[in-house]
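Chemist: Below you'll find the structure I mean.
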Amino acid sequence: MVFSSSVFLFAFLPLTLLVYFLIPAGFVMARNTALLIASLIFYGWGEPKYIIVMFVSIIANYVLALMIDKYNNSNNKSMAKAMLVVDVAVNLGLLGFFKYTDFLIDTVNGITGADFDLLEIALPIGISFYTFQAMSYVIDVYRGKVEGQKNFIVLAAYITLFPQLIAGPIVRYSDVEKQMKKRTSDKERISVGIRRFIIGLSKKILIANQMAVIWDEIYAMVAQGDDPGAALCWIGAVAFTFQIYFDFSGYSDMAIGLGKILGFDYLENFNYPYISASITEFWRRWHMSLSSWFKEYVYIPLGGNRKGLPRQLINIAIVWALTGLWHGASWNFVLWGVYYGVLLIAEKLFLLNILEKIPSKLGFIRHIYTMFFVILGWVIFNITDFSVLGNYIALMFGAGGSSPELTMYYAKSAAVLMAAAVIASLPVAGYISKKLDKNLMFYTTKDMAETFVLLILLLMSIAFLVSGSYNPFLYFRF
């Protein structure tokens with residue numbers, strides 16, 4: 001089940017909220033139990049058997065965290081560390097089996113010429129997200145940042161909570177520990193949550209899904225051997241650049257909004273990444289919960305920047321190879337991770353110094369530089385077939401001919417959508433809102449206008465959804 005589906009919007013969500021709010025606010029454990037049951041239904045809607053995999057993960061992390069807590073309290077650090085190693089092995093073992101077994105077999109076949117049969121293991125949706133979430137909890141218990149949670153329902157509800165279960169953001173237990181025990185859902189929080197959810201839903205359905213159509217059509221031309229020309233390939237790449245941003249940030253907005261409604265405060269996951277003036281800045285603004293996770297649990301433990309520049313560069317390379325592999329079991333994801341690792345190392349060594357010398361009035365050059373590599377990066381990210389990937393990139397840089405009529409058709413038909421995407425990817429709405437807030441006489445008008453706009457966006461989103469418009473789900477690989 002996904003947020004942008006009729007069954008979620010018109011059945012699951014209303015029924016879940018009805019049951020949740022019928023339980024008095026003081027009965028937090030009852031509300032946690034209701035959320036756990038609802039989350040299991042949400043997750044198991046398409047593939048109920050994978051609930052078993054999730055419960056194996058939850059039980060393992062629950063037991064091992066309590067054992068680590070026990071050994072910490074008795075000052076038996078060696079046993080605590082041993083249990084942590086077991087926990088990491090269990091989590092990565094589950095993730096590796098379901099996500100990377102066929103990838104490994106296929107790679108061995110390709111290198112050795114062997115013909116081992118693929119196991120064709122279906123990937124449990126969201127396993128990368130909830131595995132990282134559970135690991136962060138156990139590691140924080142080992143570090144003494146949080147206590148081991150003795151109540152199984154609380155831990156299970158934290159890991160399975162449906163707003164962030166399948167597409168993040170990755171929520172650390174330390175960030176919601178107190179809210180799992182006590183939280184409020186007043187009118188103001190619910191109002192903020194509803195507005196945030198509508199914004200995310202409209203991002204997903206009105207922009208991301210429409211961009212997906214453009215990208216899919218242009219990509220299909222290249223995949224079947226046609227030559228759409230450089231300009232059209234760039235239009236396709238830009239379309240996917242907007243698709244993945246509005247799809248992913250839209251889901252994060254919906255998750256944050258649903259969290260608000262239920263009384264949880266999730267950290268932001270995106271901060272207008274397409275306004276960045278460097279690749280380093282881009283990754284401080286994009287999928288911030290994942291970047292923070294790798295920094296906290298991989299980069300810093302490896303030594304971070306504390307052991308000299310050569311070691312720091314090696315740590316960056318390791319983190320980005322793992323980041324690429326986390327996104328999917330395919331060599332293009334590894335290439336994508338290496339691609340960004342090289343760019344970030346280059347910025348660390350010399351590129352940032354060059355960029356910082358560009359006068360502020362020519363700041364657009366830094367932005368063009370960033371978006372050029374980001375757009376190219378998304379092409380690498382999305383095309384798993386290396387022959388098609390090579391051909392697509394070659395066409396982007398003029399290796400083929402041109403299709404002026406076809407290019408003009410797409411340019412005209414996508415112009416309004418592209419313009420809307422550009423505006424929506426900039427902090428324009430927040431700027432206007434702050435300006436109006438300074439003048440109290442406009443407050444009521446602004447509030448009413450915002451409500452009206454959100455209502456229109458909601459109705460349009462529902463209309464597109466009910467009409468059966470294209471509604472792809474990007475996170476099946478994660």
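A note on labels: chains of the structure tokens are A, B, ... as shown, every chain counts residues from 1, and ligands are counted from 1 in their shown order.
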Near segment 347-354 of chain A, counting only C-alpha atoms, which residues have an atom at most 9 Å away, once you skip same-chain residues fewer than 3 positions from it, shown as a PyMOL selection string?

Modeler: chain A and resi 278-280+313+342-344+357-358

Chemist: Would you write out those residues with C-alpha atoms, as a PDB file, in the first residue's frame?

Modeler:
```
ATOM      1  CA  SER A 278      28.053  22.738  -4.817  1.00  0.00           C
ATOM      2  CA  ILE A 279      27.729  18.969  -4.670  1.00  0.00           C
ATOM      3  CA  THR A 280      28.737  19.106  -1.009  1.00  0.00           C
ATOM      4  CA  LEU A 313      39.267  10.704   1.485  1.00  0.00           C
ATOM      5  CA  VAL A 342      34.804  11.261  -6.761  1.00  0.00           C
ATOM      6  CA  LEU A 343      32.974  14.589  -7.036  1.00  0.00           C
ATOM      7  CA  LEU A 344      32.951  15.134  -3.270  1.00  0.00           C
ATOM      8  CA  LYS A 357      36.507  32.442  -5.779  1.00  0.00           C
ATOM      9  CA  ILE A 358      33.633  33.032  -8.200  1.00  0.00           C
TER      10      ILE A 358
END
```

Chemist: Within 7 Å of Ser57 of chain A, counting only C-alpha atoms, which residues qualify if same-chain residues fewer than 4 places away don't, as a PyMOL selection string?

Modeler: chain A and resi 53+61+91

Chemist: Find the residues around Ala463 of chain A up to 12 Å (only C-alpha atoms counted), leave out those fewer than 5 positions away in its own chain, and share them as a ChimeraX atom specification.

Modeler: /A:4-6,202,205-206,456-458,468-469

Chemist: Pick out the residues sitting within 10 Å of Ala82 of chain A, and hand them over as an NGL selection string; count only C-alpha atoms, and ignore anything fewer than 5 positions along from it in its own chain.

Modeler: :A and (68 or 77 or 87)

Chemist: Show which residues sit within 10 Å of segment 293-295 of chain A, as an MDAnalysis selection string. Count only C-alpha atoms, and ignore same-chain residues fewer than 3 positions away.

Modeler: chainID A and resid 132:133 136 170:172 288:290 298:302 304 316 319:320 322:323

Chemist: Just want the 12 Å neighbourhood of Phe397 of chain A, counted on only C-alpha atoms, with same-chain residues fewer than 5 positions away dropped. Output as a VMD selection string.

Modeler: chain A and resid 229 to 234 376 390 to 392 402

Chemist: Given the selection you just returned, output its residues as a file containing N, CA and C atoms, formatted as a compact mmCIF listing (two decimals), in the first residue's frame.

Modeler:
```txt
# COMPACT_ATOMS: atom_id res chain seq x y z
N GLY A 229 17.88 12.56 -30.22
CA GLY A 229 18.68 13.77 -30.25
C GLY A 229 19.07 14.27 -28.86
N ALA A 230 20.10 15.09 -28.82
CA ALA A 230 20.65 15.56 -27.55
C ALA A 230 19.65 16.37 -26.74
N ALA A 231 18.98 17.31 -27.39
CA ALA A 231 18.06 18.20 -26.66
C ALA A 231 16.96 17.41 -25.98
N LEU A 232 16.40 16.43 -26.70
CA LEU A 232 15.31 15.66 -26.12
C LEU A 232 15.81 14.76 -24.99
N CYS A 233 17.03 14.25 -25.11
CA CYS A 233 17.60 13.45 -24.02
C CYS A 233 17.80 14.30 -22.77
N TRP A 234 18.19 15.56 -22.96
CA TRP A 234 18.32 16.46 -21.80
C TRP A 234 16.95 16.77 -21.19
N LEU A 376 23.17 14.69 -14.54
CA LEU A 376 23.91 13.56 -15.09
C LEU A 376 23.91 12.39 -14.10
N GLY A 390 25.18 4.04 -21.40
CA GLY A 390 26.24 4.63 -22.22
C GLY A 390 25.70 5.34 -23.43
N ASN A 391 24.69 4.72 -24.07
CA ASN A 391 24.09 5.33 -25.27
C ASN A 391 23.35 6.61 -24.91
N TYR A 392 22.64 6.59 -23.79
CA TYR A 392 21.86 7.77 -23.40
C TYR A 392 22.79 8.95 -23.11
N SER A 402 19.54 14.80 -34.52
CA SER A 402 18.63 15.71 -33.83
C SER A 402 17.21 15.44 -34.31
```

Chemist: So, counting only C-alpha atoms, which residue among A:Trp283, A:Ile235, A:Ala329, A:Asp265 is closest to Leu406 of chain A?

Modeler: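 Counting only C-alpha atoms, the residue closest to Leu406 of chain A is A:Ile235.
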
Chemist: Out of A:Phe55, A:Trp326, A:Phe381, A:Phe364, which residue has the shortest atom-to-atom distance to Tyr340 of chain A when counting only C-alpha atoms?

Modeler: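 So, comparing all the options, the nearest one is A:Phe381.
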
Chemist: Give me, as JSON, numbers by chain, all polymer residues having an atom no more than 8 Å from Leu155 of chain A, counting only C-alpha atoms and skipping those fewer than 5 positions away in the same chain.

Modeler: {"A": [58, 62, 149]}

Chemist: Once you have the residues from the selection above, write them out as an mmCIF file, in the first residue's frame, restricted to N, CA and C atoms.

Modeler:
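Final output, again.cif:
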```
data_model
loop_
_atom_site.group_PDB
_atom_site.id
_atom_site.type_symbol
_atom_site.label_atom_id
_atom_site.label_comp_id
_atom_site.auth_asym_id
_atom_site.auth_seq_id
_atom_site.Cartn_x
_atom_site.Cartn_y
_atom_site.Cartn_z
ATOM 1 N N ILE A 58 12.561 -7.331 14.001
ATOM 2 C CA ILE A 58 12.154 -6.644 15.234
ATOM 3 C C ILE A 58 12.544 -7.455 16.464
ATOM 4 N N TYR A 62 15.154 -6.346 19.263
ATOM 5 C CA TYR A 62 14.601 -6.190 20.615
ATOM 6 C C TYR A 62 15.443 -6.960 21.628
ATOM 7 N N GLN A 149 14.696 -0.679 25.050
ATOM 8 C CA GLN A 149 13.255 -0.595 25.261
ATOM 9 C C GLN A 149 12.712 -1.965 25.670
#
```

Chemist: Determine which residues of segment 105-301 of chain A DSSP labels as alpha helix (DSSP H) from the backbone of this structure, then write them out as a PyMOL selection string.

Modeler: chain A and resi 105-112+127-143+152-160+173-181+187-202+209-223+230-262+279-285+288-294+300-301

Chemist: Quick one: pull the distance between atom CA of Gly96 of chain A and atom CA of Asn269 of chain A, Å, one decimal.

Modeler: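 Answer for the atom CA of Gly96 of chain A to atom CA of Asn269 of chain A separation: 25.3 Å.
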
Chemist: When you draw a straight line from atom CA of Phe42 of chain A to atom CA of Val28 of chain A, how long is it in Å?

Modeler: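 Those two atoms sit 20.5 Å apart.
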
Chemist: Between atom CA of Val2 of chain A and atom CA of Ala157 of chain A, what is the spacing in Å?

Modeler: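 Going from atom CA of Ala157 of chain A over to atom CA of Val2 of chain A covers 18.4 Å.
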
Chemist: Smallest atom-to-atom distance to Gly148 of chain A: which of A:Val63, A:Val416, A:Leu355, A:Ala167, using only C-alpha atoms?

Modeler: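 Comparing A:Val63, A:Val416, A:Leu355, A:Ala167 against Gly148 of chain A, the winner is A:Val63.
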
Chemist: Let me make sure I understand: among A:Met1, A:Leu459, A:Ala25, A:Ala60, which one has the smallest atom-to-atom distance to Ile41 of chain A if we use only C-alpha atoms?

Modeler: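 Smallest distance to Ile41 of chain A is found for A:Met1.
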
Chemist: With only C-alpha atoms as the atoms that count, which of A:Asp102, A:Met54, A:Arg31, A:Val108 lies nearest to Tyr130 of chain A?

Modeler: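 Looking only at the distances to Tyr130 of chain A, the closest residue turns out to be A:Met54.
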